[in-house]
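See structure below.
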Amino acid sequence: MNTPEPPLASATATPITIPASRRNLITWPLHFAFREERFFLVVSVFIGIFSALAVVCFRLAIDWCRYQMLGPRLAPSGVHVILAPALVGLAVAALVLHVFPTVRGSGVNQTKAALYIYNGYIPLRTAIGKFITSALAIGSGQSLGPEDPSLQIGAGIASALGHRLKFSREKLRLIAPVGAAAGLAAAFNAPISAVLFVIEEVIGRWSAGILGSVVLSAISSVVVMRWFLGSEPMFRVPPVQLIRPQELLAYATLGVAGGIAAVVFARAIGYLRPRLKAMPRWTQYAQPGIAGLCIGLIGFFGFPQIMGAGYDYIDQAMHNQYSWDVLAILAGLKILATTLSFVSGTPGGMFAPTLFIGAMLGGAVGGLEHILFPHLAASLATYCLVGMGVLFAGFLRAPMTSVFMVLEVSGNYSIIVPVIVANTLAYVISRALQPTPIFDMLTRQDGLELPSLEEEREETILRVEDAMHSPASAILDSDESVDHAYQRVQQSADTTFLVRMSPSGWSSVDRDLITKLRGEGKGELSLGSALPGKRLPHLHPDLPLQVALRYIHGAPLLPVVHRADFRKLEGVISQQDILNRYQLVEKPDE
Amino acid sequence: MSAPTISNTHHEGVVFLALLGITLVAFAAVAGVVNRFRVWQGSLAKRMYERGQQDLRMGAPEAAIGDFRSALSFDHDNPGYLLSLAEGLESEKRFDEAEAYLLRVWESQPQDGTVNLQLARLAVHRDSPTDALRYYHNAIYGIWTSDPVQNRINARFELVEFLLGRHASTQAQSELIAMLPGLLPDSQLHAKVAALLMRVPDFQDALVQYREALRLDHNNKVAARGAGHAAFELGFYWTSLHYLEASNDKSQDAGSASMIPMARLVLATDPFLRNLSSQERHARMLRAFDAAEQRLHGCMQQHGESPVNQSTSGPGELQDLDLRGEQIKRRLRSQSLLNSSDFAESLMDFVFTTESSTQQECGEPTGVDKALLLIARNRETAGQ
C-alpha cells in the first residue's frame, strides 16, 4: 500500500504563529488559551449560561402572567378567560407596532435572517421585546409557545455579547445560532434536539466550524436550566414494548394522520398570514386582540386546554384523561387557535402548539386503535409521545430533530423505532403535499430568501466523477528515462502528460519540456529526477465538483485517483471538463 | 486572523474574568427570583391541594380532581398530590387515569408501599394477576411512611383474598405461612389469619392460629368458634365440641350450631374411640351396620332397584353391596364380632363403603349416616 498523503483540506489551514520573542513562560499558555477560535468556544459557554438564565426568567414570567390573568386553577373559567387574551392581545399589538417592531412571529426566521442577512446582528431590544410581549401573550392564553422566543432571546443575547466583545465579522455571523441553540436547549431541556434544530432550521446546512460552539452553548445552557428548574424530563411514559412487529402499523397510521394534519396546519397559516398582513395598518392593532377573543371564546365554551402552551394538558392526555374523540377535537381546535394567534402577528412560538396538536392527535389515533384492536399493547401516553414527534417532523420539517426531541423530552429510548417509523411517514407525506417547509414559506412571504437544509437535500450534487474522463494520452512513469518518455509522447497528439511519481504522487509534463530536457543532454536521466519537484494535487471521484475548481487553477489537468491506491488512475479532469459539466446542469435540455 | 499579541491575550483574560463576574451576579439574582417564585408556587399548590382534600371530604371528587390537578401544575412531581389525584380518580372510577398517575409516582418511588398497593388494586380491577402479584409483593416488602407493620399485614391480607378469589390456594397458603413468623401478638390478627387458612383450606395451621388467638384472648368467641370448626374438620371431635361449646353465643352461625350435635353424634357413634368396652364397641358396630343397611335399601328404593333377594335383573353396584350385607348378616347369625377382629373390620368396611357409595348415588346423608361418613373420612385420613 502507498504512503498516505496529507488530506487536501489540511493544505488550506494556516497555523497561527506567535512571535518567538513574545513567547515566555507567563504568556505562552494564555496565547494558546485565548486564540480567537478558543476564546469563541469559551464565550459560547457564557452565552449558554446567560441564555439559560434569561429563559428561566422568561418561563417564570409566563407563569406569573398566567396566574395574574387567568388565575391559579389549571382549567381557568369565568369571563376573564375571554377578556384576558383579547385585552392583552390589544396591548401586545400596540407594543409590537410602536415599541418592538421586530418581535413579530416565532423568532426562528428572524434568527436565520440575522445569520444570513444582518451579519449575525440581532438588537438586544428585540430580545427584550420578545421576552415581554411573548410572556404577556402566552400568559394571557394566546395559543403559542415559549420555545421559539427563547431561541430568539438566546440569539439576541449572543449577538449583543459578540458585538460588545468585538468579534470578527465571521464570528459575529455565527454567534446568533450559538445563542439560538442555547435558548432552545434551555426551553426544551433537550440539548441534542436544540443543536440539531439549529443546524437543520437556523443555519440550514451542516457546518463543522460552528458545531463545537453550538454544542457547548447548548450543554451549558441545559446545565444551568436544570440547576434552577430540575432535571426531570418534560414527559414521562412507561417503556414501550413492541410485542408484535405488526404493532408498528398502528404507529404508521399515526404517521399518515400526522402528515395530513401538518399539511392542513401549514396551509392554514400559509393562506391566512399574507392576507392579514396585507390588511390596513389599523387592523393590525386589532388582529391579536380578535385572535385572543376567539381563543378566549373557545376556552370559555369548554375547551380551555387550547389556551397557552398547553404542556399540562399534554401531560393529562398522556395520563388517559381524555377519550379519543375529545383528543381529536382538541387537536383540531388547537390548529385553529394557533393559526389565529400566529397569523395575527402575536409574538410567540409554534413548537409547543405543534407538540400539543401532535400529542392530542396521537392520543386520538391511539385511543381509536385501542377500541378497534384491543390487543394493542402500547399505552395512550406512547401514542401521544409519538404523535408529538410526528407533527414536529411533518409541520416543522425537521426530521432528525423530531426523533431526538421525542427521546429527550421523555427520557425514554425504547420508543425510538415507532418514532422513526411514524415521523418518516409524516415527513414524506408532508413533503409530498406541501413542498415548501413552513419556515421557508414564512421567509418568502416576508420577501426574504434564506438557505434551507431541505432544499439543499434536494439539490443535485455534482461530483468529480460526473466531469472526469479517461486519460486519452499516455501515462508516463517517473522511473522511465527522458529518452523513453520522448519516444512515447511522439506517438501521442496531446501536449500534456501525467507522470506517475515514485513512490507516490503525480506530476505533469508537457511535450516541449521533454524535448527541452532531451536537448540539454538529460535523455539518460529518469523522468522523476529531471522534472522540477512540483507535484500535482490529486482528486477522488466522489469529491464534490466544486472542490476540483479549487485545485485546478494553474494545472491543465488533474489526476483523479482511487482512494485506497493513489497510483491507480481513475480518470483525469480539466478546467474545461468542469465548466462543461456545470453548463449541462444549467441547460438540461441540451 | 492576525497573530495574537500579549495585549490581546490580556484583554481576553480581562473579558473572561468580567464575564465570570457577571455570570456570578446574574446567577445569584436569578436564584433569588427563582426561590421566591418557588415559595409562592408552593403556597399556591398547597392551597389548591387543601381545597381538593376539603372537596374530597365533602363528597365532591370531581372538584377535588380539578384542585389536585391545579396543585400539580405548580408542583409537578409532588408524590402526595399525585397520590391524592389518583385516589380522587379511583373514587370516580376513572381507573386508567388513576393508574397512569400512580405509575408516574411509582417511577420515582418504586418502593413506596402505598403506591404499590394502589397499583395492585388497579391491577386486580383490570384482571391482571401478574401485575397484581408484583405490586402486592412490592407493597408488602416496600417502604411505608406510617405504621409499616400493620400496613404490610393488611397488604398481605388483600393479596391472600385476591389469590383465594382466583382459587390459587397453594399461593395463598404460602403467603399466609410466610406472614406467620412476623405476626403481632394480637388475638384478632391471629384469628383473621386462621380464618383465611380455613379458606385455603389448611385446618391444621388454622387450628394452631385459633389456639394462639385464644391464648392471647380467652374471650375471643370468633377464635373459639373457628378452632371448633377447624378441629371438627380435622376429626378432633372432642376438641371441636370443647371449643364450639365455649363459643356458644347467640351470634353463632348456623354452620357452627349444627356442628355441635354432629360432633356429639360422631362421638356417640364411632366404634373406634379409645376407652370403649368391647361390648360397647361391638354394639356400636352393629348399630352402624343397621344404619348402613337401611341407608342402602333406602337409596336402592330411590333408584328403583330391588333388594338382591327380590331382584330378577343382574347386580348393580348397590346390589353388590346389598349382597355383601346379606352375607355379613348371615355370618352374624353364626359368629360374634367379639371372636374375630377380621370380621369386625370387614363389617365396618362394608359400613363405610355403603355410606360412601350411597352419598355418591343418593346425595348427602344426615344424622347417623353423616356421622358414619365423617368417621370413615377420619379413618381414611389417619390411614394416610
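We name chains A, B, ... following the order of the C-alpha cells; residues begin at 1 in each chain, and ligands are numbered from 1 as shown.
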
Inset, instruction - Would you give me, as a PyMOL selection string, the residues of chain B that come within 8 Å of chain A, using only C-alpha atoms? - result: chain B and resi 2-6+9+12-13+15+19+23+26-27+30-31+34+37+44+66-67+69-70+73+96-98+100-101+103-104

Inset, instruction - Write out as a PyMOL selection string the residues lying within 10 Å of Val215 of chain A, counting only C-alpha atoms and excluding same-chain residues fewer than 2 positions away. - result: chain A and resi 41+44-45+48+178+181-182+185+191-192+194-196+210-213+217-221

Legend entry - Near-segment 414-419 of chain A list (12 Å; only C-alpha atoms; drop same-chain fewer than 5 positions) as a ChimeraX atom specification: /A:236-242,245-255,258,362,378-379,381-393,399-409,424-427

Residue selection dump (C-alpha atoms) as an mmCIF file, in the first residue's frame:
```cif
data_model
loop_
_atom_site.group_PDB
_atom_site.id
_atom_site.type_symbol
_atom_site.label_atom_id
_atom_site.label_comp_id
_atom_site.auth_asym_id
_atom_site.auth_seq_id
_atom_site.Cartn_x
_atom_site.Cartn_y
_atom_site.Cartn_z
ATOM 1 C CA ARG A 236 -42.655 10.521 31.386
ATOM 2 C CA VAL A 237 -44.137 7.475 29.775
ATOM 3 C CA PRO A 238 -43.689 3.803 30.604
ATOM 4 C CA PRO A 239 -41.173 1.864 28.475
ATOM 5 C CA VAL A 240 -42.600 0.715 25.174
ATOM 6 C CA GLN A 241 -42.593 -2.977 24.477
ATOM 7 C CA LEU A 242 -43.240 -3.941 20.912
ATOM 8 C CA PRO A 245 -43.875 -6.122 14.854
ATOM 9 C CA GLN A 246 -47.355 -5.641 13.384
ATOM 10 C CA GLU A 247 -47.919 -3.011 16.050
ATOM 11 C CA LEU A 248 -45.723 -0.727 14.006
ATOM 12 C CA LEU A 249 -48.661 -0.477 11.618
ATOM 13 C CA ALA A 250 -50.561 1.323 14.354
ATOM 14 C CA TYR A 251 -47.791 3.905 14.552
ATOM 15 C CA ALA A 252 -47.610 4.092 10.770
ATOM 16 C CA THR A 253 -51.289 5.055 10.764
ATOM 17 C CA LEU A 254 -50.455 7.809 13.205
ATOM 18 C CA GLY A 255 -47.664 8.932 10.870
ATOM 19 C CA GLY A 258 -49.912 13.416 11.433
ATOM 20 C CA GLY A 362 -51.528 10.756 18.692
ATOM 21 C CA ALA A 378 -48.836 0.350 23.888
ATOM 22 C CA SER A 379 -50.244 2.884 26.318
ATOM 23 C CA ALA A 381 -49.056 8.022 26.516
ATOM 24 C CA THR A 382 -46.841 6.326 23.958
ATOM 25 C CA TYR A 383 -49.128 7.381 21.131
ATOM 26 C CA CYS A 384 -49.188 10.938 22.466
ATOM 27 C CA LEU A 385 -45.429 10.998 22.540
ATOM 28 C CA VAL A 386 -45.032 9.549 19.066
ATOM 29 C CA GLY A 387 -47.699 12.000 17.882
ATOM 30 C CA MET A 388 -45.600 14.904 19.103
ATOM 31 C CA GLY A 389 -42.669 13.714 17.031
ATOM 32 C CA VAL A 390 -44.915 13.153 14.043
ATOM 33 C CA LEU A 391 -46.228 16.717 13.974
ATOM 34 C CA PHE A 392 -42.759 18.051 14.593
ATOM 35 C CA ALA A 393 -41.455 16.124 11.594
ATOM 36 C CA PRO A 399 -36.943 15.051 10.789
ATOM 37 C CA MET A 400 -33.797 14.435 12.784
ATOM 38 C CA THR A 401 -34.723 16.929 15.466
ATOM 39 C CA SER A 402 -38.168 15.359 15.720
ATOM 40 C CA VAL A 403 -36.732 11.953 16.618
ATOM 41 C CA PHE A 404 -34.274 13.237 19.177
ATOM 42 C CA MET A 405 -36.805 15.668 20.603
ATOM 43 C CA VAL A 406 -39.161 12.816 21.496
ATOM 44 C CA LEU A 407 -36.348 10.852 23.070
ATOM 45 C CA GLU A 408 -35.112 13.810 25.073
ATOM 46 C CA VAL A 409 -38.410 15.172 26.336
ATOM 47 C CA THR A 424 -40.631 9.328 8.456
ATOM 48 C CA LEU A 425 -44.110 8.739 7.100
ATOM 49 C CA ALA A 426 -45.359 12.104 8.330
ATOM 50 C CA TYR A 427 -42.330 13.848 6.853
#
```

Legend entry - Residue list (alpha helix (DSSP H), DSSP) for segment 41-277 of chain B, as a PyMOL selection string: chain B and resi 41-57+61-74+79-91+95-108+113-125+129-141+148-165+169-179+187-199+203-216+221-234+237-246+254-269

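Residues in contact range of Leu476 of chain A, defined as at most 7 Å between only C-alpha atoms, with sequence neighbours fewer than 2 positions away removed, read Ala474, Ser478, Ala485, Phe497, Leu498, Val499 and Arg500 of chain A.
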